[in-house]
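Pasting protein-v3.txt here (compact mmCIF, N, CA and C atoms):
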# COMPACT_ATOMS: atom_id res chain seq x y z
N MET A 916 5.46 -2.34 -8.58
CA MET A 916 6.00 -1.17 -7.93
C MET A 916 5.37 0.12 -8.46
N ASP A 917 4.40 0.00 -9.34
CA ASP A 917 3.77 1.17 -9.93
C ASP A 917 2.40 1.48 -9.34
N TRP A 918 2.04 0.87 -8.23
CA TRP A 918 0.70 1.02 -7.67
C TRP A 918 0.31 2.48 -7.51
N ASN A 919 1.17 3.30 -6.95
CA ASN A 919 0.85 4.71 -6.71
C ASN A 919 0.99 5.56 -7.97
N ASP A 920 1.83 5.13 -8.91
CA ASP A 920 2.07 5.92 -10.12
C ASP A 920 1.09 5.63 -11.25
N ALA A 921 0.42 4.49 -11.20
CA ALA A 921 -0.48 4.10 -12.30
C ALA A 921 -1.81 3.58 -11.74
N PRO A 922 -2.59 4.45 -11.11
CA PRO A 922 -3.83 3.97 -10.49
C PRO A 922 -4.80 3.33 -11.48
N GLY A 923 -4.73 3.69 -12.74
CA GLY A 923 -5.62 3.09 -13.73
C GLY A 923 -5.29 1.63 -14.03
N LEU A 924 -4.13 1.19 -13.61
CA LEU A 924 -3.70 -0.19 -13.87
C LEU A 924 -3.78 -1.08 -12.64
N ARG A 925 -4.34 -0.58 -11.56
CA ARG A 925 -4.34 -1.34 -10.30
C ARG A 925 -5.05 -2.67 -10.42
N SER A 926 -6.19 -2.72 -11.07
CA SER A 926 -6.89 -4.00 -11.21
C SER A 926 -6.02 -5.01 -11.95
N GLU A 927 -5.34 -4.54 -12.98
CA GLU A 927 -4.43 -5.41 -13.75
C GLU A 927 -3.26 -5.87 -12.87
N MET A 928 -2.75 -4.99 -12.02
CA MET A 928 -1.64 -5.33 -11.14
C MET A 928 -2.01 -6.42 -10.15
N LEU A 929 -3.29 -6.56 -9.85
CA LEU A 929 -3.74 -7.59 -8.93
C LEU A 929 -3.81 -8.96 -9.62
N CYS A 930 -3.43 -9.01 -10.88
CA CYS A 930 -3.27 -10.26 -11.64
C CYS A 930 -4.53 -11.12 -11.64
N GLY A 931 -5.67 -10.51 -11.69
CA GLY A 931 -6.90 -11.29 -11.72
C GLY A 931 -7.16 -12.06 -10.45
N GLY A 932 -6.49 -11.68 -9.38
CA GLY A 932 -6.73 -12.34 -8.10
C GLY A 932 -5.89 -13.58 -7.88
N ALA A 933 -4.93 -13.88 -8.74
CA ALA A 933 -4.09 -15.06 -8.58
C ALA A 933 -2.83 -14.74 -7.79
N ALA A 934 -2.42 -15.68 -6.96
CA ALA A 934 -1.19 -15.50 -6.19
C ALA A 934 0.01 -15.65 -7.11
N PRO A 935 1.08 -14.95 -6.81
CA PRO A 935 2.31 -15.14 -7.57
C PRO A 935 2.78 -16.59 -7.45
N THR A 936 3.40 -17.10 -8.48
CA THR A 936 3.89 -18.48 -8.44
C THR A 936 5.41 -18.49 -8.30
N GLY A 937 5.93 -19.63 -7.85
CA GLY A 937 7.36 -19.79 -7.71
C GLY A 937 7.98 -18.95 -6.61
N VAL A 938 7.20 -18.66 -5.57
CA VAL A 938 7.66 -17.79 -4.48
C VAL A 938 7.63 -18.59 -3.18
N VAL A 939 8.68 -18.49 -2.37
CA VAL A 939 8.69 -19.19 -1.08
C VAL A 939 7.65 -18.57 -0.15
N GLU A 940 7.16 -19.38 0.79
CA GLU A 940 6.05 -18.95 1.65
C GLU A 940 6.36 -17.67 2.42
N ALA A 941 7.57 -17.51 2.92
CA ALA A 941 7.89 -16.30 3.67
C ALA A 941 7.73 -15.06 2.79
N ASP A 942 8.19 -15.15 1.55
CA ASP A 942 8.04 -14.02 0.64
C ASP A 942 6.59 -13.83 0.23
N LEU A 943 5.86 -14.92 0.09
CA LEU A 943 4.44 -14.82 -0.27
C LEU A 943 3.65 -14.15 0.85
N ALA A 944 4.00 -14.41 2.09
CA ALA A 944 3.34 -13.75 3.22
C ALA A 944 3.64 -12.25 3.19
N LEU A 945 4.87 -11.89 2.87
CA LEU A 945 5.24 -10.48 2.77
C LEU A 945 4.47 -9.81 1.63
N ILE A 946 4.42 -10.46 0.49
CA ILE A 946 3.68 -9.90 -0.66
C ILE A 946 2.21 -9.76 -0.30
N ALA A 947 1.66 -10.77 0.37
CA ALA A 947 0.25 -10.73 0.77
C ALA A 947 -0.01 -9.56 1.70
N ALA A 948 0.88 -9.31 2.65
CA ALA A 948 0.70 -8.19 3.58
C ALA A 948 0.70 -6.86 2.83
N VAL A 949 1.62 -6.70 1.88
CA VAL A 949 1.69 -5.45 1.12
C VAL A 949 0.45 -5.29 0.25
N VAL A 950 0.06 -6.35 -0.46
CA VAL A 950 -1.14 -6.28 -1.30
C VAL A 950 -2.36 -5.95 -0.45
N HIS A 951 -2.47 -6.60 0.70
CA HIS A 951 -3.59 -6.35 1.60
C HIS A 951 -3.59 -4.90 2.07
N GLY A 952 -2.41 -4.39 2.44
CA GLY A 952 -2.31 -3.00 2.88
C GLY A 952 -2.71 -2.01 1.81
N LEU A 953 -2.23 -2.25 0.58
CA LEU A 953 -2.57 -1.35 -0.53
C LEU A 953 -4.06 -1.40 -0.86
N CYS A 954 -4.61 -2.61 -0.93
CA CYS A 954 -6.04 -2.75 -1.24
C CYS A 954 -6.90 -2.11 -0.16
N ASP A 955 -6.54 -2.35 1.09
CA ASP A 955 -7.29 -1.77 2.20
C ASP A 955 -7.22 -0.25 2.17
N ARG A 956 -6.03 0.29 1.97
CA ARG A 956 -5.84 1.74 1.94
C ARG A 956 -6.63 2.40 0.82
N ASP A 957 -6.67 1.74 -0.35
CA ASP A 957 -7.23 2.38 -1.54
C ASP A 957 -8.61 1.86 -1.94
N GLY A 958 -9.24 1.06 -1.08
CA GLY A 958 -10.60 0.63 -1.31
C GLY A 958 -10.79 -0.42 -2.39
N PHE A 959 -9.76 -1.23 -2.64
CA PHE A 959 -9.88 -2.32 -3.60
C PHE A 959 -10.22 -3.60 -2.87
N PRO A 960 -10.97 -4.48 -3.49
CA PRO A 960 -11.21 -5.77 -2.85
C PRO A 960 -9.88 -6.54 -2.77
N THR A 961 -9.64 -7.15 -1.64
CA THR A 961 -8.41 -7.91 -1.45
C THR A 961 -8.57 -9.27 -2.14
N PRO A 962 -7.61 -9.65 -2.99
CA PRO A 962 -7.71 -10.95 -3.66
C PRO A 962 -7.81 -12.08 -2.63
N GLU A 963 -8.56 -13.12 -2.96
CA GLU A 963 -8.81 -14.22 -2.03
C GLU A 963 -7.52 -14.90 -1.58
N TRP A 964 -6.54 -15.04 -2.44
CA TRP A 964 -5.30 -15.75 -2.09
C TRP A 964 -4.56 -15.09 -0.93
N VAL A 965 -4.75 -13.80 -0.74
CA VAL A 965 -4.01 -13.04 0.28
C VAL A 965 -4.26 -13.61 1.68
N ALA A 966 -5.47 -13.98 1.98
CA ALA A 966 -5.82 -14.46 3.33
C ALA A 966 -5.11 -15.77 3.69
N ALA A 967 -4.67 -16.51 2.71
CA ALA A 967 -4.06 -17.83 2.96
C ALA A 967 -2.58 -17.77 3.34
N HIS A 968 -1.99 -16.57 3.37
CA HIS A 968 -0.55 -16.50 3.57
C HIS A 968 -0.17 -15.66 4.78
N SER A 969 0.42 -16.34 5.75
CA SER A 969 0.89 -15.67 6.96
C SER A 969 2.05 -16.47 7.55
N LEU A 970 2.78 -15.83 8.43
CA LEU A 970 3.89 -16.48 9.10
C LEU A 970 3.50 -16.80 10.55
N ALA A 971 3.94 -17.94 11.03
CA ALA A 971 3.64 -18.33 12.41
C ALA A 971 4.43 -17.49 13.40
N VAL A 972 5.65 -17.11 13.03
CA VAL A 972 6.49 -16.27 13.89
C VAL A 972 6.58 -14.90 13.23
N PRO A 973 5.94 -13.89 13.81
CA PRO A 973 5.90 -12.56 13.20
C PRO A 973 7.28 -11.93 13.05
N VAL A 974 7.47 -11.26 11.92
CA VAL A 974 8.72 -10.56 11.60
C VAL A 974 8.41 -9.21 10.99
N THR A 975 9.44 -8.38 10.93
CA THR A 975 9.32 -7.14 10.18
C THR A 975 9.66 -7.45 8.72
N MET A 976 9.37 -6.53 7.84
CA MET A 976 9.69 -6.72 6.44
C MET A 976 11.18 -6.98 6.24
N SER A 977 12.00 -6.41 7.11
CA SER A 977 13.45 -6.60 7.00
C SER A 977 13.90 -7.94 7.56
N GLY A 978 12.98 -8.72 8.13
CA GLY A 978 13.31 -10.03 8.66
C GLY A 978 13.63 -10.04 10.15
N GLN A 979 13.62 -8.89 10.80
CA GLN A 979 13.87 -8.82 12.24
C GLN A 979 12.64 -9.35 12.99
N PRO A 980 12.85 -10.03 14.11
CA PRO A 980 11.70 -10.51 14.89
C PRO A 980 10.80 -9.35 15.31
N ALA A 981 9.51 -9.57 15.27
CA ALA A 981 8.56 -8.51 15.64
C ALA A 981 8.62 -8.19 17.12
N ASP A 982 9.17 -9.10 17.93
CA ASP A 982 9.24 -8.82 19.36
C ASP A 982 10.57 -8.20 19.79
N SER A 983 11.46 -7.93 18.82
CA SER A 983 12.70 -7.22 19.13
C SER A 983 12.38 -5.74 19.38
N GLU A 984 13.35 -4.99 19.89
CA GLU A 984 13.11 -3.57 20.13
C GLU A 984 12.71 -2.85 18.84
N TRP A 985 13.47 -3.10 17.76
CA TRP A 985 13.15 -2.50 16.45
C TRP A 985 11.79 -3.00 15.96
N GLY A 986 11.58 -4.31 16.09
CA GLY A 986 10.31 -4.90 15.63
C GLY A 986 9.10 -4.30 16.33
N GLN A 987 9.21 -4.05 17.61
CA GLN A 987 8.09 -3.46 18.35
C GLN A 987 7.77 -2.07 17.82
N TRP A 988 8.81 -1.31 17.45
CA TRP A 988 8.56 0.01 16.87
C TRP A 988 7.86 -0.13 15.52
N VAL A 989 8.35 -1.04 14.68
CA VAL A 989 7.74 -1.25 13.36
C VAL A 989 6.28 -1.67 13.53
N VAL A 990 6.02 -2.60 14.43
CA VAL A 990 4.64 -3.06 14.67
C VAL A 990 3.76 -1.88 15.06
N SER A 991 4.29 -0.96 15.86
CA SER A 991 3.49 0.20 16.29
C SER A 991 3.17 1.15 15.14
N GLN A 992 3.93 1.08 14.06
CA GLN A 992 3.74 1.95 12.90
C GLN A 992 3.00 1.26 11.75
N ALA A 993 2.77 -0.03 11.87
CA ALA A 993 2.26 -0.85 10.76
C ALA A 993 0.75 -0.72 10.57
N PRO A 994 0.30 -0.89 9.32
CA PRO A 994 -1.14 -0.98 9.08
C PRO A 994 -1.73 -2.18 9.83
N ALA A 995 -2.95 -2.07 10.25
CA ALA A 995 -3.60 -3.14 11.03
C ALA A 995 -3.60 -4.48 10.29
N VAL A 996 -3.68 -4.47 8.98
CA VAL A 996 -3.75 -5.72 8.21
C VAL A 996 -2.48 -6.56 8.36
N CYS A 997 -1.38 -5.95 8.75
CA CYS A 997 -0.12 -6.69 8.90
C CYS A 997 -0.26 -7.83 9.89
N SER A 998 -1.06 -7.62 10.93
CA SER A 998 -1.20 -8.66 11.96
C SER A 998 -1.81 -9.93 11.40
N GLU A 999 -2.57 -9.83 10.34
CA GLU A 999 -3.18 -11.01 9.73
C GLU A 999 -2.15 -11.87 8.99
N HIS A 1000 -1.00 -11.28 8.67
CA HIS A 1000 0.01 -11.98 7.88
C HIS A 1000 1.29 -12.26 8.65
N GLY A 1001 1.44 -11.65 9.81
CA GLY A 1001 2.64 -11.85 10.60
C GLY A 1001 3.86 -11.20 9.98
N VAL A 1002 3.65 -10.22 9.11
CA VAL A 1002 4.73 -9.46 8.48
C VAL A 1002 4.40 -7.99 8.65
N TYR A 1003 5.32 -7.25 9.26
CA TYR A 1003 5.07 -5.86 9.61
C TYR A 1003 6.00 -4.91 8.87
N PHE A 1004 5.46 -3.76 8.49
CA PHE A 1004 6.22 -2.69 7.86
C PHE A 1004 5.54 -1.38 8.23
N GLU A 1005 6.30 -0.30 8.16
CA GLU A 1005 5.73 1.00 8.48
C GLU A 1005 4.67 1.38 7.44
N ALA A 1006 3.57 1.94 7.88
CA ALA A 1006 2.47 2.31 6.98
C ALA A 1006 2.91 3.24 5.86
N ASP A 1007 3.84 4.14 6.15
CA ASP A 1007 4.25 5.08 5.10
C ASP A 1007 5.05 4.40 3.98
N MET A 1008 5.48 3.16 4.18
CA MET A 1008 6.14 2.41 3.12
C MET A 1008 5.22 2.22 1.92
N LEU A 1009 3.92 2.15 2.18
CA LEU A 1009 2.97 1.97 1.08
C LEU A 1009 2.97 3.15 0.13
N SER A 1010 3.43 4.30 0.58
CA SER A 1010 3.51 5.48 -0.29
C SER A 1010 4.61 5.35 -1.34
N ALA A 1011 5.55 4.47 -1.09
CA ALA A 1011 6.70 4.31 -2.00
C ALA A 1011 6.46 3.25 -3.07
N ILE A 1012 5.35 2.58 -3.02
CA ILE A 1012 5.11 1.48 -3.96
C ILE A 1012 4.33 1.95 -5.17
Show me, as structure tokens, the structure contained in the file I just sent.
Amino acid sequence: MDWNDAPGLRSEMLCGGAAPTGVVEADLALIAAVVHGLCDRDGFPTPEWVAAHSLAVPVTMSGQPADSEWGQWVVSQAPAVCSEHGVYFEADMLSAI
């Protein structure tokens, strides 16, 4: 949660490119989408594990279906990388991390 507050530690925060362990796939897809969004926004290479995690049925970060009325709005505000993971959140959410 310190990505924006500690830019000098970003490489360390990426954990050497290893995926978090002990996490269910739905949460791993969400984490992958956020990591991908942050890396893309700030010019960091995206860890290889990120590409392997996505959901078959797209949802918003809050768990609402992406095709719901709320979900469609979130999708319209989301970074482009979210589509690769099937997890959507508003782009300005990355400013809070």
Non-local contacts of range 923-937 of chain A (7 Å; only N, CA and C atoms; under 5 positions in same chain excluded) as a list of chain:residue names: A:Trp918, A:Thr961, A:Pro962, A:Glu963, A:Trp964, A:Val965
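Nearest-residue note for Leu945 in chain A: choosing from A:Trp985, A:Ile1012, A:Pro994, A:Leu970, the minimum distance belongs to A:Leu970, counting all atoms listed in the file.
Counting from CA of Val996 in chain A, the distance to CA of Val949 in chain A is 8.9 Å.
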Separation of atom C of Asp1007 in chain A from atom N of Asp982 in chain A in Å: 19.8 Å
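The gap separating atom N of Gly1001 in chain A from atom N of Val974 in chain A is 6.4 Å, in Å to one decimal.
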DSSP-assigned alpha helix (DSSP H) members of chain A, reported as a PyMOL selection string: chain A and resi 925-928+940-957+984-992
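Distances here use all atoms listed in the file; by that measure, the residue among A:Cys997, A:Pro973, A:Val990, A:Asn919 closest to His951 in chain A is A:Cys997.
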Neighbour list for Ala948 in chain A as number ranges by chain, cut-off 6 Å, all atoms listed in the file, skip fewer than 4 positions in-chain: A: 943-944, 952-953, 996-997, 1000
Please save N, CA and C atoms of the selected residues as an mmCIF file, in the coordinates of the input.
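Generated output (result18.cif):
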data_model
loop_
_atom_site.group_PDB
_atom_site.id
_atom_site.type_symbol
_atom_site.label_atom_id
_atom_site.label_comp_id
_atom_site.auth_asym_id
_atom_site.auth_seq_id
_atom_site.Cartn_x
_atom_site.Cartn_y
_atom_site.Cartn_z
ATOM 1 N N LEU A 943 5.860 -14.920 0.090
ATOM 2 C CA LEU A 943 4.440 -14.820 -0.270
ATOM 3 C C LEU A 943 3.650 -14.150 0.850
ATOM 4 N N ALA A 944 4.000 -14.410 2.090
ATOM 5 C CA ALA A 944 3.340 -13.750 3.220
ATOM 6 C C ALA A 944 3.640 -12.250 3.190
ATOM 7 N N GLY A 952 -2.410 -4.390 2.440
ATOM 8 C CA GLY A 952 -2.310 -3.000 2.880
ATOM 9 C C GLY A 952 -2.710 -2.010 1.810
ATOM 10 N N LEU A 953 -2.230 -2.250 0.580
ATOM 11 C CA LEU A 953 -2.570 -1.350 -0.530
ATOM 12 C C LEU A 953 -4.060 -1.400 -0.860
ATOM 13 N N VAL A 996 -3.680 -4.470 8.980
ATOM 14 C CA VAL A 996 -3.750 -5.720 8.210
ATOM 15 C C VAL A 996 -2.480 -6.560 8.360
ATOM 16 N N CYS A 997 -1.380 -5.950 8.750
ATOM 17 C CA CYS A 997 -0.120 -6.690 8.900
ATOM 18 C C CYS A 997 -0.260 -7.830 9.890
ATOM 19 N N HIS A 1000 -1.000 -11.280 8.670
ATOM 20 C CA HIS A 1000 0.010 -11.980 7.880
ATOM 21 C C HIS A 1000 1.290 -12.260 8.650
#
Neighbour residues at most 7 Å from (3.1, 1.1, 10.0) (only N, CA and C atoms) as a list in words: Val989, Val990, Ser991, Gln992, Ala993, Pro994, Ala995, Tyr1003, Phe1004, Glu1005, Ala1006, Asp1007 and Met1008 of chain A
Backbone DSSP call of strand (DSSP E or B) for chain A, listed as a PyMOL selection string: chain A and resi 974-975+980+1002-1003
Block slice range 970-983 of chain A, C-alpha atoms, emitted as a PDB file, in the first residue's frame:
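Just written: result13.pdb:
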ATOM      1  CA  LEU A 970     -11.090 -14.203 -14.297  1.00  0.00           C
ATOM      2  CA  ALA A 971     -13.316 -15.838 -16.896  1.00  0.00           C
ATOM      3  CA  VAL A 972     -16.313 -13.753 -15.779  1.00  0.00           C
ATOM      4  CA  PRO A 973     -15.302 -10.084 -15.504  1.00  0.00           C
ATOM      5  CA  VAL A 974     -16.085  -8.241 -12.267  1.00  0.00           C
ATOM      6  CA  THR A 975     -15.393  -4.924 -10.640  1.00  0.00           C
ATOM      7  CA  MET A 976     -12.974  -4.748  -7.742  1.00  0.00           C
ATOM      8  CA  SER A 977     -16.007  -4.670  -5.446  1.00  0.00           C
ATOM      9  CA  GLY A 978     -17.198  -7.985  -6.906  1.00  0.00           C
ATOM     10  CA  GLN A 979     -20.097  -6.570  -8.938  1.00  0.00           C
ATOM     11  CA  PRO A 980     -20.518  -8.054 -12.432  1.00  0.00           C
ATOM     12  CA  ALA A 981     -18.789  -5.949 -15.078  1.00  0.00           C
ATOM     13  CA  ASP A 982     -21.927  -6.043 -17.221  1.00  0.00           C
ATOM     14  CA  SER A 983     -24.146  -4.535 -14.499  1.00  0.00           C
TER      15      SER A 983
END
